[in-house]
Structure formats: structure tokens, C-alpha cells
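Source file entry.cif; content: mmCIF, C-alpha atoms.
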data_final
#
loop_
_atom_site.group_PDB
_atom_site.id
_atom_site.type_symbol
_atom_site.label_atom_id
_atom_site.label_comp_id
_atom_site.auth_asym_id
_atom_site.auth_seq_id
_atom_site.Cartn_x
_atom_site.Cartn_y
_atom_site.Cartn_z
ATOM 1 C CA MET A 1 -104.814 -178.082 74.088
ATOM 2 C CA SER A 2 -103.143 -181.131 72.582
ATOM 3 C CA THR A 3 -104.833 -184.284 71.461
ATOM 4 C CA THR A 4 -104.657 -187.175 73.903
ATOM 5 C CA CYS A 5 -103.806 -190.343 72.050
ATOM 6 C CA PHE A 6 -103.296 -192.633 74.990
ATOM 7 C CA SER A 7 -104.314 -191.788 78.525
ATOM 8 C CA GLY A 8 -100.971 -190.988 80.077
ATOM 9 C CA ASP A 9 -99.444 -194.255 78.888
ATOM 10 C CA ARG A 10 -95.691 -193.778 78.495
ATOM 11 C CA GLU A 11 -95.172 -197.242 77.078
ATOM 12 C CA PRO A 12 -94.746 -197.510 73.319
ATOM 13 C CA ALA A 13 -98.038 -198.131 71.619
ATOM 14 C CA LEU A 14 -98.744 -201.392 69.874
ATOM 15 C CA PRO A 15 -99.677 -201.040 66.218
ATOM 16 C CA ILE A 16 -103.322 -200.039 66.020
ATOM 17 C CA PRO A 17 -105.164 -200.279 62.705
ATOM 18 C CA LEU A 18 -106.001 -196.874 61.228
ATOM 19 C CA ARG A 19 -103.950 -195.041 63.870
ATOM 20 C CA GLY A 20 -100.178 -194.980 63.556
ATOM 21 C CA ASN A 21 -97.595 -193.067 65.539
ATOM 22 C CA VAL A 22 -95.704 -190.397 63.662
ATOM 23 C CA VAL A 23 -92.964 -187.936 64.611
ATOM 24 C CA ILE A 24 -92.641 -184.955 62.271
ATOM 25 C CA ASP A 25 -89.524 -182.809 62.057
ATOM 26 C CA THR A 26 -89.759 -179.030 61.927
ATOM 27 C CA ASN A 27 -89.068 -178.713 58.193
ATOM 28 C CA CYS A 28 -91.982 -181.024 57.418
ATOM 29 C CA VAL A 29 -94.185 -179.032 59.827
ATOM 30 C CA LEU A 30 -93.318 -175.897 57.851
ATOM 31 C CA ASP A 31 -94.361 -177.690 54.657
ATOM 32 C CA LEU A 32 -97.662 -178.548 56.307
ATOM 33 C CA TRP A 33 -98.686 -175.104 57.570
ATOM 34 C CA VAL A 34 -96.354 -172.447 56.159
ATOM 35 C CA PHE A 35 -95.084 -173.444 52.722
ATOM 36 C CA GLN A 36 -98.424 -175.054 51.819
ATOM 37 C CA ASP A 37 -96.612 -177.787 49.930
ATOM 38 C CA PRO A 38 -99.209 -179.828 47.989
ATOM 39 C CA GLY A 39 -97.070 -182.905 48.645
ATOM 40 C CA VAL A 40 -98.175 -182.905 52.285
ATOM 41 C CA ALA A 41 -101.884 -183.121 51.451
ATOM 42 C CA PRO A 42 -101.986 -186.857 52.374
ATOM 43 C CA LEU A 43 -100.391 -186.089 55.735
ATOM 44 C CA HIS A 44 -102.791 -183.239 56.343
ATOM 45 C CA ALA A 45 -105.741 -185.510 55.488
ATOM 46 C CA ALA A 46 -104.487 -188.343 57.721
ATOM 47 C CA LEU A 47 -104.042 -185.954 60.652
ATOM 48 C CA ALA A 48 -107.448 -184.342 60.095
ATOM 49 C CA ALA A 49 -109.106 -187.772 59.934
ATOM 50 C CA GLY A 50 -107.430 -188.882 63.165
ATOM 51 C CA ARG A 51 -105.593 -191.762 61.476
ATOM 52 C CA LEU A 52 -102.282 -190.666 63.006
ATOM 53 C CA CYS A 53 -101.090 -189.912 66.485
ATOM 54 C CA TRP A 54 -98.458 -187.186 66.032
ATOM 55 C CA ARG A 55 -96.039 -187.524 68.922
ATOM 56 C CA ALA A 56 -94.139 -184.359 69.895
ATOM 57 C CA THR A 57 -92.403 -182.877 72.925
ATOM 58 C CA PRO A 58 -92.500 -179.396 74.438
ATOM 59 C CA GLY A 59 -88.965 -178.912 73.064
ATOM 60 C CA MET A 60 -90.182 -179.640 69.535
ATOM 61 C CA ARG A 61 -92.902 -177.042 69.952
ATOM 62 C CA ASP A 62 -90.315 -174.557 71.233
ATOM 63 C CA GLU A 63 -88.131 -175.235 68.186
ATOM 64 C CA LEU A 64 -91.098 -174.626 65.886
ATOM 65 C CA ALA A 65 -91.891 -171.347 67.663
ATOM 66 C CA ARG A 66 -88.272 -170.245 67.273
ATOM 67 C CA VAL A 67 -88.142 -171.185 63.572
ATOM 68 C CA LEU A 68 -91.408 -169.354 62.864
ATOM 69 C CA GLY A 69 -89.608 -166.154 63.908
ATOM 70 C CA TYR A 70 -86.710 -166.598 61.461
ATOM 71 C CA PRO A 71 -86.403 -163.692 58.984
ATOM 72 C CA ARG A 72 -86.763 -165.985 55.966
ATOM 73 C CA ILE A 73 -89.886 -167.685 57.413
ATOM 74 C CA VAL A 74 -91.860 -164.576 58.434
ATOM 75 C CA PRO A 75 -92.542 -163.476 54.810
ATOM 76 C CA ARG A 76 -93.685 -167.018 54.002
ATOM 77 C CA LEU A 77 -96.166 -166.848 56.882
ATOM 78 C CA VAL A 78 -97.509 -163.588 55.455
ATOM 79 C CA ARG A 79 -97.862 -165.167 51.984
ATOM 80 C CA ALA A 80 -99.694 -168.110 53.533
ATOM 81 C CA GLY A 81 -102.013 -165.722 55.384
ATOM 82 C CA ARG A 82 -101.030 -167.194 58.752
ATOM 83 C CA THR A 83 -99.384 -165.975 61.909
ATOM 84 C CA ALA A 84 -96.895 -167.846 64.033
ATOM 85 C CA ASP A 85 -99.539 -168.096 66.752
ATOM 86 C CA GLU A 86 -101.980 -169.703 64.301
ATOM 87 C CA VAL A 87 -99.380 -172.288 63.280
ATOM 88 C CA LEU A 88 -98.648 -173.057 66.919
ATOM 89 C CA ARG A 89 -102.382 -173.422 67.643
ATOM 90 C CA SER A 90 -102.625 -175.849 64.715
ATOM 91 C CA PHE A 91 -99.673 -177.768 66.144
ATOM 92 C CA ASP A 92 -101.271 -177.826 69.586
ATOM 93 C CA GLY A 93 -104.553 -179.028 68.138
ATOM 94 C CA VAL A 94 -103.181 -182.191 66.543
ATOM 95 C CA THR A 95 -100.131 -183.247 68.530
ATOM 96 C CA CYS A 96 -99.894 -185.697 71.388
ATOM 97 C CA ILE A 97 -97.438 -183.929 73.683
ATOM 98 C CA GLU A 98 -95.072 -186.325 75.433
ATOM 99 C CA PRO A 99 -92.138 -185.871 77.784
ATOM 100 C CA ALA A 100 -88.754 -186.005 76.069
ATOM 101 C CA ALA A 101 -87.794 -189.613 75.367
ATOM 102 C CA ALA A 102 -84.684 -191.324 76.701
ATOM 103 C CA HIS A 103 -81.683 -191.232 74.403
ATOM 104 C CA ALA A 104 -81.969 -193.787 71.625
ATOM 105 C CA PRO A 105 -79.062 -196.121 70.914
ATOM 106 C CA VAL A 106 -78.767 -194.516 67.464
ATOM 107 C CA ARG A 107 -77.148 -191.090 67.618
ATOM 108 C CA CYS A 108 -77.324 -188.294 65.056
ATOM 109 C CA ARG A 109 -74.452 -185.884 64.474
ATOM 110 C CA ASP A 110 -76.930 -182.998 64.481
ATOM 111 C CA PRO A 111 -78.118 -182.502 68.070
ATOM 112 C CA ASP A 112 -81.248 -180.681 66.832
ATOM 113 C CA ASP A 113 -82.405 -183.888 65.125
ATOM 114 C CA GLN A 114 -81.742 -186.196 68.069
ATOM 115 C CA PRO A 115 -84.971 -185.491 70.024
ATOM 116 C CA PHE A 116 -87.015 -186.472 66.951
ATOM 117 C CA ILE A 117 -85.052 -189.719 66.642
ATOM 118 C CA ASP A 118 -85.340 -190.443 70.367
ATOM 119 C CA LEU A 119 -89.108 -189.961 70.333
ATOM 120 C CA ALA A 120 -89.564 -192.007 67.151
ATOM 121 C CA VAL A 121 -87.583 -194.884 68.664
ATOM 122 C CA HIS A 122 -89.547 -194.725 71.915
ATOM 123 C CA TRP A 123 -92.895 -194.933 70.124
ATOM 124 C CA ARG A 124 -91.702 -197.096 67.195
ATOM 125 C CA ALA A 125 -93.054 -194.343 65.001
ATOM 126 C CA THR A 126 -92.725 -193.276 61.427
ATOM 127 C CA LEU A 127 -90.293 -190.346 61.351
ATOM 128 C CA LEU A 128 -91.025 -187.742 58.690
ATOM 129 C CA SER A 129 -87.888 -185.798 57.861
ATOM 130 C CA LYS A 130 -86.094 -184.207 54.936
ATOM 131 C CA ASP A 131 -82.745 -184.212 56.716
ATOM 132 C CA ALA A 132 -79.992 -186.154 54.944
ATOM 133 C CA ARG A 133 -78.338 -187.023 58.272
ATOM 134 C CA VAL A 134 -81.566 -188.574 59.524
ATOM 135 C CA PHE A 135 -81.969 -190.534 56.289
ATOM 136 C CA GLY A 136 -78.420 -191.765 56.745
ATOM 137 C CA LEU A 137 -79.556 -193.439 59.967
ATOM 138 C CA ALA A 138 -82.632 -195.144 58.479
ATOM 139 C CA ARG A 139 -81.100 -198.623 58.258
ATOM 140 C CA ARG A 140 -79.931 -198.431 61.871
ATOM 141 C CA LEU A 141 -83.344 -197.162 63.014
ATOM 142 C CA ALA A 142 -85.326 -199.871 61.199
ATOM 143 C CA PRO A 143 -84.539 -202.675 63.701
ATOM 144 C CA LEU A 144 -85.764 -200.306 66.434
ATOM 145 C CA GLY A 145 -89.176 -200.055 64.759
ATOM 146 C CA VAL A 146 -88.676 -196.675 63.057
ATOM 147 C CA THR A 147 -89.475 -196.012 59.422
ATOM 148 C CA VAL A 148 -87.905 -192.839 58.046
ATOM 149 C CA ARG A 149 -89.901 -191.151 55.281
ATOM 150 C CA ARG A 150 -89.802 -187.860 53.423
ATOM 151 C CA ALA A 151 -93.594 -187.751 53.159
ATOM 152 C CA TRP A 152 -96.775 -189.535 54.180
ATOM 153 C CA LEU A 153 -98.257 -191.408 51.245
ATOM 154 C CA ASP A 154 -101.872 -191.189 50.098
ATOM 155 C CA ASP A 155 -102.681 -194.835 50.615
ATOM 156 C CA GLU A 156 -100.920 -195.214 53.956
ATOM 157 C CA MET A 157 -103.007 -196.038 56.962
ATOM 158 C CA THR A 158 -100.369 -197.290 59.383
ATOM 159 C CA PRO A 159 -96.648 -197.554 58.790
ATOM 160 C CA ALA A 160 -95.369 -200.548 56.867
ATOM 161 C CA ALA A 161 -92.355 -202.550 57.940
ATOM 162 C CA PRO A 162 -89.644 -200.317 59.389
ATOM 163 C CA GLY A 163 -87.012 -199.006 57.028
ATOM 164 C CA MET A 164 -86.314 -196.129 54.707
ATOM 165 C CA THR A 165 -88.746 -195.046 52.038
ATOM 166 C CA GLU A 166 -89.230 -192.010 49.914
#

So that I can check it, write out the structure of this file as C-alpha cells.
Amino acid sequence: MSTTCFSGDREPALPIPLRGNVVIDTNCVLDLWVFQDPGVAPLHAALAAGRLCWRATPGMRDELARVLGYPRIVPRLVRAGRTADEVLRSFDGVTCIEPAAAHAPVRCRDPDDQPFIDLAVHWRATLLSKDARVFGLARRLAPLGVTVRRAWLDDEMTPAAPGMTE
């Protein structure tokens, strides 16, 4: 069961203190629950404290499920002491599942990244990604209310002004 952030409201959320919208790409999700990257501890804490509303779509969940079955990921799951089902339950427990967003005016050359961009634009969310192509679009996404980041920072409560940050 996914977290409900707004009761069926499909309109972009206005900034709410202590609760920002975030869209997280699959590689960052792997850092969170498979690779156990200590750099994602602030993100993990913000999600656990309910300071973020993680927006995702059923297609994003499907992509995560597919990636968790990749031959190079399965041994990492074993090392982390987790199963793919456990990771998916964690995902389900903290995401706000939304229908796929309309196509954003900014297009990515990688079609796998586009749904993350579309959803981030729709919700004016912070987009966490490690993808160079996504970072290449940061300046074009900023006027649409999207901040592209590689990680969530310790002292962040809600996203700052849109743009690109490390």
C-alpha cells in the first residue's frame, strides 16, 4: 500500500513547509535499498520522517522490479540481506503512486528517463538522478519548477529554488 500524500489531487502541489515533492530515478532507489550507499542517509531520514512526498508511477515501480532481477543486481541484494520483494515493499510503503504525467516540454534522449522528467515537471518536484543526460537538462527544467540533484542534502527540508545542484 502506497502513502497518500494528497487525496486524489492531480494538480501540482503548492510548496508545503517540511514536505517537498521528490521524484527518484531507479539508480538512486538502488543506492537507497540495495547498494546501501551512506550518501543516501539524509534521503532515507527525510523519507522516514515524512518530510518528502516521493512521487512515482506504476511504470517506475515496474522498472525497479525489472532492474532488481538483473544478474549484476541480484548478488548485491544478497549482500544487502534483502530480496527484490522486500525492496518493492519498501518502495510501496513510501511512494505516492500517481498516474503517468503528460509529456513535459523538455525531452530527454533516453526514453527510460522521460517518465521521471515528466512526473517531476508535473509536480514541480526535486528530481534525484545520477544520469548525465538528465543533468544536461537541468537548466531547461529549472523554469518549470524542477531542481535536479544527485542527492538529498542533510539540511534540506523542502527544495530550494529550481536549478541544478550537486

Exercise for the section: Would you write out, as a PyMOL selection string, every residue that the PyMOL selection byres ((chain A and resi 121-137) around 7) captures in this file? Expected result: chain A and resi 12-13+21-25+28+101+104+108+117-120+138-141+144-151+159

Practice task
For range 51-56 of chain A, list every protein, DNA or RNA residue within 6 Å, evaluated using all atoms listed in the file, and leave out those in the same chain fewer than 2 positions away; present the list as a PyMOL selection string.
Solution key: chain A and resi 18-23+46-47+49+95-98

Problem - Residue contacts of Asn27 in chain A (12 Å, only C-alpha atoms) excluding same-chain residues fewer than 6 positions away, as number ranges by chain - result: A: 33-37, 40, 60, 63-64, 67-68, 73, 112-113, 116, 128-131, 150-151

Practice task
Could you please determine the separation between CA of Gly39 in chain A and CA of Trp152 in chain A in Å, to one decimal place?
Solution key: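 Computing the Euclidean distance for CA of Gly39 in chain A and CA of Trp152 in chain A yields 8.6 Å.
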
Problem - Nearest to Arg82 in chain A, chosen from A:Asp110, A:Pro143, A:Leu153, A:Leu30, with all atoms listed in the file counted in the distances - result: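 Closest residue, counting all atoms listed in the file: A:Leu30.
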
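CA of Thr26 in chain A sits 16.0 Å away from CA of Gly93 in chain A.
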
Problem - Nearest to Gly50 in chain A, chosen from A:Pro111, A:Ala100, A:Pro105, A:Val94, with all atoms listed in the file counted in the distances - result: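 Once distances to Gly50 in chain A are computed over all atoms listed in the file, the minimum belongs to A:Val94.
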
Problem - A:Arg79, A:Pro99, A:Arg72, A:Val87 ranked by distance to Leu32 in chain A, top pick (using all atoms listed in the file) - result: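 Closest residue, counting all atoms listed in the file: A:Val87.
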
Handout entry: Residues within 10 Å of Leu88 in chain A, all atoms listed in the file, excluding chain neighbours under 2 positions, as a list in words
Key =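 Contacts, in chain order: Trp33, Arg61, Asp62, Leu64, Ala65, Leu68, Thr83, Ala84, Asp85, Glu86, Ser90, Phe91, Asp92 and Gly93 of chain A.
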